[in-house]
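Peer 1: Just passing along the structure, written as structure tokens.
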Amino acid sequence: MLTSCTNAIVLTVNGDDHMLVVEPNDLLINVLRNDLGLTGAKYGCGTGQCGACTVLIDGQPTLSCITLAVACDGKKVTTIEGITGPDGGLHPIQEEFLNENAVQCGFCTPGMILMAGDLLQRNPHPTEDEIRHHIKGNICRCTGYNGIVRAIQNAAQRMAAGEKPLEALGTTVREVVKR
Amino acid sequence: MTVNTRVLVNDFEYIVPSSLPEALGLLDRYGKDAKVLAGGTDLVIQMKMGHRSPRFVVDISKLKELKQLEAGKTIRIGAGRRYIDVLQFLREQGRYHGLIEAIEGIGKMQVLTVGTVGGNLGNGSPAADTAPPLLTYDARVRVMSAHAERVIPLREFYSGPNATVMAPNEIIVDVEFDAFPDGCASAFQTIARVACDISKVTCAVAVQRDGETCTQCRIAFGAVAPIPVRARNVEGGLEGRRIDALAASECAALVDKDISPIDDIRCTELYRREAAAVLFKDAFQTAWERARC
């Protein structure tokens with residue numbers, strides 16, 4: 001039998017540093033939801049198919065339901081809770097999701113918004129095809145995707161026009177709490 | 001039995017070696033009780049589903065020795081390089097469209113940011129998307145153990161469904177293939193239920209073209225046999241032949257001889273046979289056009 005082996009890790013989540021003790025088999029999504037109370041990332045399929053659990057790790061979109069928390073030691077995690085405009089209000093992507101009614105049950109929305117932000121950082125002027133390609137790993141069973149695509153197109157226009165700085169995504173937007 | 005995929009129930013020890021020799025030492029010591037973790041997009045799911053239950057998980061994702069990217073006479077891709085890095089590297093080379101298309105087809109961005117070519121091959125899946133294009137490039141897999149290093153031609157790498165000739169104490173270090181001479185091009189085709197699903201059938205073609213004559217042709221299929229396979233009969237029908245409008249269609253009839261698909265959860269044998277011939281025609285025609293100098 002294995003002796004119980006716990007690991008101390010440091011996770012920077014939405015700018016806050018957290019010292020955590022985790023088991024090797026703790027999944028990142030459960031640490032975020034159960035230990036840190038961040039329920040934005042959703043448990044959908046649990047097998048890396050639906051994209052509802054998407055978070056950014058060191059700025060890269062990743063599936064938190066198939067990511068070991070212990071493997072994230074020292075990394076920066078951004079969840080939907082960390083996405084705000086610089087003034088603390090909604091991010092332009094979030095506002096456009098509301099404007100276009102791109103949300104119905106809302107379960108896919110955190111993943112969709114993070115993927116939209118990731119796309120617009122890589123490619124500020126995406127075509128419709130590029131948008132659909134980028135969100136192909138995020139399944140929505142309500143909206144039929146058209147509203148989501150329009151929302152991302154609108155957000156791209158606003159952000160390209162410099163309405164709000166793109167850097168608001170995936171970087172520290174809260175004060176870092178040193179423990 | 002229904003599996004609760006919300007949690008990972010296996011108990012295991014998680015180890016992060018700081019060098020390749022250290023990782024190889026761990027595998028030598030723990031043998032079958034250990035599994036290496038790179039992106040985890042296969043392993044963690046397999047552990048959740050109860051298909052694998054290693055006692056030691058060796059995280060090799062940070063090992064610099066596995067991160068090579070080399071262009072020149074030999075193209076070398078470190079086994080631990082993430083797909084997105086490999087994509088960028090291949091696009092800079094301006095060739096190897098077959099492998100580019102295969103990696104793009106693997107799935108969603110969230111997998112491309114963590115998954116690796118080494119993992120795709122080492123997992124042993126007959127449906128591994130990168131295997132057919134790499135077979136058409138005559139790629140070689142370099143593996144190491146604590147005691148030895150060996151280079152295995154990819155065509156000899158698979159030993160059966162979800163199995164390879166690698167020993168439990170070995171790690172894939174990189175995948176290499178000879179750079180394309182002029183007049184060479186490749187293409188890849190896949191068919192799956194939805195964009196990010198596991199492929200039902202894949203086909204890769206690499207051709208060398210001299211005017212209207214096909215001087216060399218390599219064709220490989222995935223998910224239509226126990227392992228990814230070369231299609232020798234189809235290749236024989238095309239090599240040395242003047243390619244006219246009928247060539248691909250005529251040789252598509254030979255695809256049947258090169259594959260041995262089964263019925264499974266994703267589709268039937270008959271469907272796979274029909275689709276394989278169609279994918280071959282599309283992949284061949286695309287590669288042939290790309291090879292036009």
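To be explicit about the labels: the chains of the structure tokens are called A, B, and onward in the order shown, and within each one the residues are counted from 1, while ligands get numbers from 1 in the order they are shown.
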At a cut-off of 6 Å, list the chain A residues touching chain B, using only C-alpha atoms, as number ranges by chain.
Peer 2: A: 24-25, 46-47, 61-62, 66, 137
Peer 1: Store the residues picked out above, limited to N, CA and C atoms, as a tab-separated table (two decimals), in the first residue's frame.
Peer 2:
chain	number	residue	atom	x	y	z
A	24	PRO	N	-2.37	13.85	-4.70
A	24	PRO	CA	-1.98	13.75	-6.11
A	24	PRO	C	-3.18	13.56	-7.04
A	25	ASN	N	-4.24	12.93	-6.55
A	25	ASN	CA	-5.38	12.67	-7.44
A	25	ASN	C	-6.46	13.75	-7.36
A	46	GLY	N	-16.59	15.54	-17.66
A	46	GLY	CA	-15.56	14.91	-16.86
A	46	GLY	C	-14.52	14.15	-17.66
A	47	THR	N	-14.64	14.16	-18.98
A	47	THR	CA	-13.68	13.41	-19.80
A	47	THR	C	-13.08	14.26	-20.92
A	61	PRO	N	-5.63	28.12	-22.54
A	61	PRO	CA	-6.87	27.42	-22.20
A	61	PRO	C	-6.61	25.94	-21.93
A	62	THR	N	-7.15	25.45	-20.85
A	62	THR	CA	-6.89	24.09	-20.40
A	62	THR	C	-8.16	23.54	-19.77
A	66	ILE	N	-9.52	17.45	-16.31
A	66	ILE	CA	-8.54	16.39	-16.56
A	66	ILE	C	-7.13	16.90	-16.24
A	137	GLY	N	-14.26	23.15	-29.27
A	137	GLY	CA	-14.17	22.23	-28.14
A	137	GLY	C	-15.11	22.59	-27.00
Peer 1: What's the 10 Å shell around Leu99 (chain B), counting only C-alpha atoms, without same-chain residues fewer than 5 positions away, as number ranges by chain?
Peer 2: B: 86-87, 90, 104-105, 129-134, 136-137, 186-188, 204
Peer 1: Please save C-alpha atoms of the selected residues as a compact mmCIF listing (two decimals), in the first residue's frame.
Peer 2:
# COMPACT_ATOMS: atom_id res chain seq x y z
CA VAL B 86 4.88 21.90 -33.03
CA LEU B 87 2.22 23.53 -35.22
CA LEU B 90 5.90 23.13 -38.87
CA GLU B 104 -5.09 20.64 -36.22
CA GLY B 105 -7.61 17.81 -36.46
CA ASP B 129 -4.04 11.31 -35.73
CA THR B 130 -0.32 12.04 -36.03
CA ALA B 131 0.59 8.41 -36.86
CA PRO B 132 -0.53 8.24 -40.53
CA PRO B 133 1.30 11.39 -41.67
CA LEU B 134 4.41 10.37 -39.74
CA THR B 136 4.16 8.58 -44.77
CA TYR B 137 7.26 10.55 -43.75
CA SER B 186 1.64 15.69 -48.19
CA ALA B 187 -1.96 15.89 -47.03
CA PHE B 188 -4.20 14.44 -44.36
CA ALA B 204 -2.36 10.56 -45.01
Peer 1: Identify, on the basis of only C-alpha atoms, every residue whose closest approach to region 270-282 of chain B does not exceed 10 Å; exclude the query and any residue fewer than 6 positions from it along the same chain; express the result as number ranges by chain.
Peer 2: B: 187-191, 200-205, 219-224, 234, 247-257, 259-263, 288
Peer 1: Could you pull out all residues of chain A with a DSSP call of alpha helix (DSSP H) and give them as a ChimeraX atom specification?
Peer 2: /A:28-30,92-99,109-122,128-134,146-160
Peer 1: Mind dumping the selected residues with N, CA and C atoms as a CSV table (one decimal), in the first residue's frame?
Peer 2:
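The file below, selection06.csv, is the result:
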chain,number,residue,atom,x,y,z
A,28,LEU,N,-7.9,19.8,-10.7
A,28,LEU,CA,-7.9,21.2,-10.5
A,28,LEU,C,-9.3,21.7,-10.4
A,29,ILE,N,-10.3,21.2,-11.1
A,29,ILE,CA,-11.6,21.7,-11.1
A,29,ILE,C,-12.2,21.6,-9.7
A,30,ASN,N,-11.9,20.5,-9.0
A,30,ASN,CA,-12.5,20.3,-7.6
A,30,ASN,C,-11.8,21.2,-6.6
A,92,PRO,N,-15.9,43.5,-21.9
A,92,PRO,CA,-16.7,43.7,-23.1
A,92,PRO,C,-17.2,42.4,-23.7
A,93,ILE,N,-16.5,41.3,-23.5
A,93,ILE,CA,-17.0,40.0,-24.0
A,93,ILE,C,-18.2,39.6,-23.3
A,94,GLN,N,-18.2,39.8,-22.0
A,94,GLN,CA,-19.3,39.5,-21.1
A,94,GLN,C,-20.5,40.3,-21.5
A,95,GLU,N,-20.3,41.6,-21.7
A,95,GLU,CA,-21.4,42.5,-22.1
A,95,GLU,C,-22.0,42.1,-23.4
A,96,GLU,N,-21.2,41.7,-24.3
A,96,GLU,CA,-21.7,41.3,-25.6
A,96,GLU,C,-22.5,40.0,-25.6
A,97,PHE,N,-22.0,39.1,-24.7
A,97,PHE,CA,-22.8,37.9,-24.5
A,97,PHE,C,-24.2,38.2,-24.0
A,98,LEU,N,-24.3,39.2,-23.1
A,98,LEU,CA,-25.6,39.6,-22.7
A,98,LEU,C,-26.4,40.3,-23.8
A,99,ASN,N,-25.8,41.2,-24.5
A,99,ASN,CA,-26.4,42.0,-25.6
A,99,ASN,C,-27.0,41.0,-26.6
A,109,THR,N,-21.2,29.0,-20.6
A,109,THR,CA,-20.8,30.4,-20.8
A,109,THR,C,-19.4,30.7,-20.3
A,110,PRO,N,-19.0,30.2,-19.1
A,110,PRO,CA,-17.7,30.6,-18.6
A,110,PRO,C,-16.6,30.1,-19.5
A,111,GLY,N,-16.7,28.8,-20.0
A,111,GLY,CA,-15.8,28.3,-21.0
A,111,GLY,C,-15.8,29.1,-22.3
A,112,MET,N,-16.9,29.4,-22.7
A,112,MET,CA,-17.0,30.1,-24.0
A,112,MET,C,-16.4,31.5,-23.9
A,113,ILE,N,-16.6,32.2,-22.8
A,113,ILE,CA,-16.0,33.5,-22.6
A,113,ILE,C,-14.5,33.5,-22.5
A,114,LEU,N,-14.0,32.5,-21.8
A,114,LEU,CA,-12.6,32.3,-21.7
A,114,LEU,C,-11.9,32.0,-23.1
A,115,MET,N,-12.6,31.1,-23.8
A,115,MET,CA,-12.1,30.8,-25.1
A,115,MET,C,-12.2,32.0,-26.1
A,116,ALA,N,-13.2,32.8,-25.9
A,116,ALA,CA,-13.3,34.0,-26.7
A,116,ALA,C,-12.2,35.0,-26.4
A,117,GLY,N,-11.9,35.1,-25.1
A,117,GLY,CA,-10.8,36.0,-24.7
A,117,GLY,C,-9.5,35.5,-25.2
A,118,ASP,N,-9.3,34.2,-25.2
A,118,ASP,CA,-8.1,33.6,-25.7
A,118,ASP,C,-7.9,33.8,-27.2
A,119,LEU,N,-9.0,33.7,-27.9
A,119,LEU,CA,-9.0,33.9,-29.3
A,119,LEU,C,-8.6,35.3,-29.6
A,120,LEU,N,-9.2,36.3,-28.9
A,120,LEU,CA,-9.0,37.7,-29.3
A,120,LEU,C,-7.6,38.2,-28.9
A,121,GLN,N,-7.0,37.5,-27.9
A,121,GLN,CA,-5.6,37.8,-27.6
A,121,GLN,C,-4.7,37.3,-28.7
A,122,ARG,N,-5.0,36.1,-29.3
A,122,ARG,CA,-4.2,35.5,-30.3
A,122,ARG,C,-4.4,36.2,-31.6
A,128,GLU,N,-15.5,34.7,-39.0
A,128,GLU,CA,-16.5,33.8,-38.4
A,128,GLU,C,-16.0,32.4,-38.3
A,129,ASP,N,-15.3,31.9,-39.4
A,129,ASP,CA,-14.8,30.6,-39.4
A,129,ASP,C,-13.7,30.4,-38.2
A,130,GLU,N,-12.9,31.4,-38.1
A,130,GLU,CA,-11.9,31.3,-37.0
A,130,GLU,C,-12.5,31.3,-35.6
A,131,ILE,N,-13.6,32.0,-35.5
A,131,ILE,CA,-14.3,32.0,-34.2
A,131,ILE,C,-14.9,30.6,-33.9
A,132,ARG,N,-15.6,30.1,-35.0
A,132,ARG,CA,-16.2,28.8,-34.8
A,132,ARG,C,-15.1,27.7,-34.6
A,133,HIS,N,-14.0,27.8,-35.2
A,133,HIS,CA,-12.9,26.8,-35.1
A,133,HIS,C,-12.4,26.9,-33.6
A,134,HIS,N,-12.3,28.1,-33.1
A,134,HIS,CA,-11.6,28.2,-31.8
A,134,HIS,C,-12.5,27.7,-30.7
A,146,ASN,N,-25.1,30.6,-32.7
A,146,ASN,CA,-25.1,31.9,-33.6
A,146,ASN,C,-24.9,33.1,-32.7
A,147,GLY,N,-25.7,33.2,-31.6
A,147,GLY,CA,-25.5,34.3,-30.7
A,147,GLY,C,-24.1,34.4,-30.1
A,148,ILE,N,-23.6,33.3,-29.8
A,148,ILE,CA,-22.2,33.3,-29.2
A,148,ILE,C,-21.2,33.9,-30.3
A,149,VAL,N,-21.4,33.4,-31.5
A,149,VAL,CA,-20.4,33.9,-32.5
A,149,VAL,C,-20.6,35.4,-32.7
A,150,ARG,N,-21.9,35.9,-32.8
A,150,ARG,CA,-22.1,37.3,-32.9
A,150,ARG,C,-21.5,38.1,-31.7
A,151,ALA,N,-21.7,37.5,-30.5
A,151,ALA,CA,-21.2,38.2,-29.4
A,151,ALA,C,-19.6,38.4,-29.5
A,152,ILE,N,-19.0,37.4,-29.9
A,152,ILE,CA,-17.5,37.4,-30.0
A,152,ILE,C,-17.1,38.4,-31.1
A,153,GLN,N,-17.9,38.4,-32.2
A,153,GLN,CA,-17.6,39.4,-33.3
A,153,GLN,C,-17.8,40.8,-32.8
A,154,ASN,N,-18.8,41.1,-32.0
A,154,ASN,CA,-19.1,42.4,-31.5
A,154,ASN,C,-17.9,42.8,-30.5
A,155,ALA,N,-17.6,41.8,-29.7
A,155,ALA,CA,-16.5,42.1,-28.7
A,155,ALA,C,-15.2,42.4,-29.4
A,156,ALA,N,-14.9,41.7,-30.5
A,156,ALA,CA,-13.7,41.9,-31.2
A,156,ALA,C,-13.7,43.3,-31.8
A,157,GLN,N,-14.8,43.8,-32.3
A,157,GLN,CA,-14.9,45.1,-32.9
A,157,GLN,C,-14.6,46.2,-31.8
A,158,ARG,N,-15.3,46.0,-30.6
A,158,ARG,CA,-15.1,47.0,-29.6
A,158,ARG,C,-13.7,47.0,-29.0
A,159,MET,N,-13.1,45.8,-28.9
A,159,MET,CA,-11.8,45.8,-28.3
A,159,MET,C,-10.8,46.3,-29.3
A,160,ALA,N,-11.0,46.0,-30.6
A,160,ALA,CA,-10.0,46.5,-31.6
A,160,ALA,C,-10.1,48.0,-31.6
Peer 1: Write down as a PyMOL selection string the residues belonging to chain A that are assigned strand (DSSP E) by DSSP computed on the backbone.
Peer 2: chain A and resi 7-13+16-22+54-57+60-63+76-78
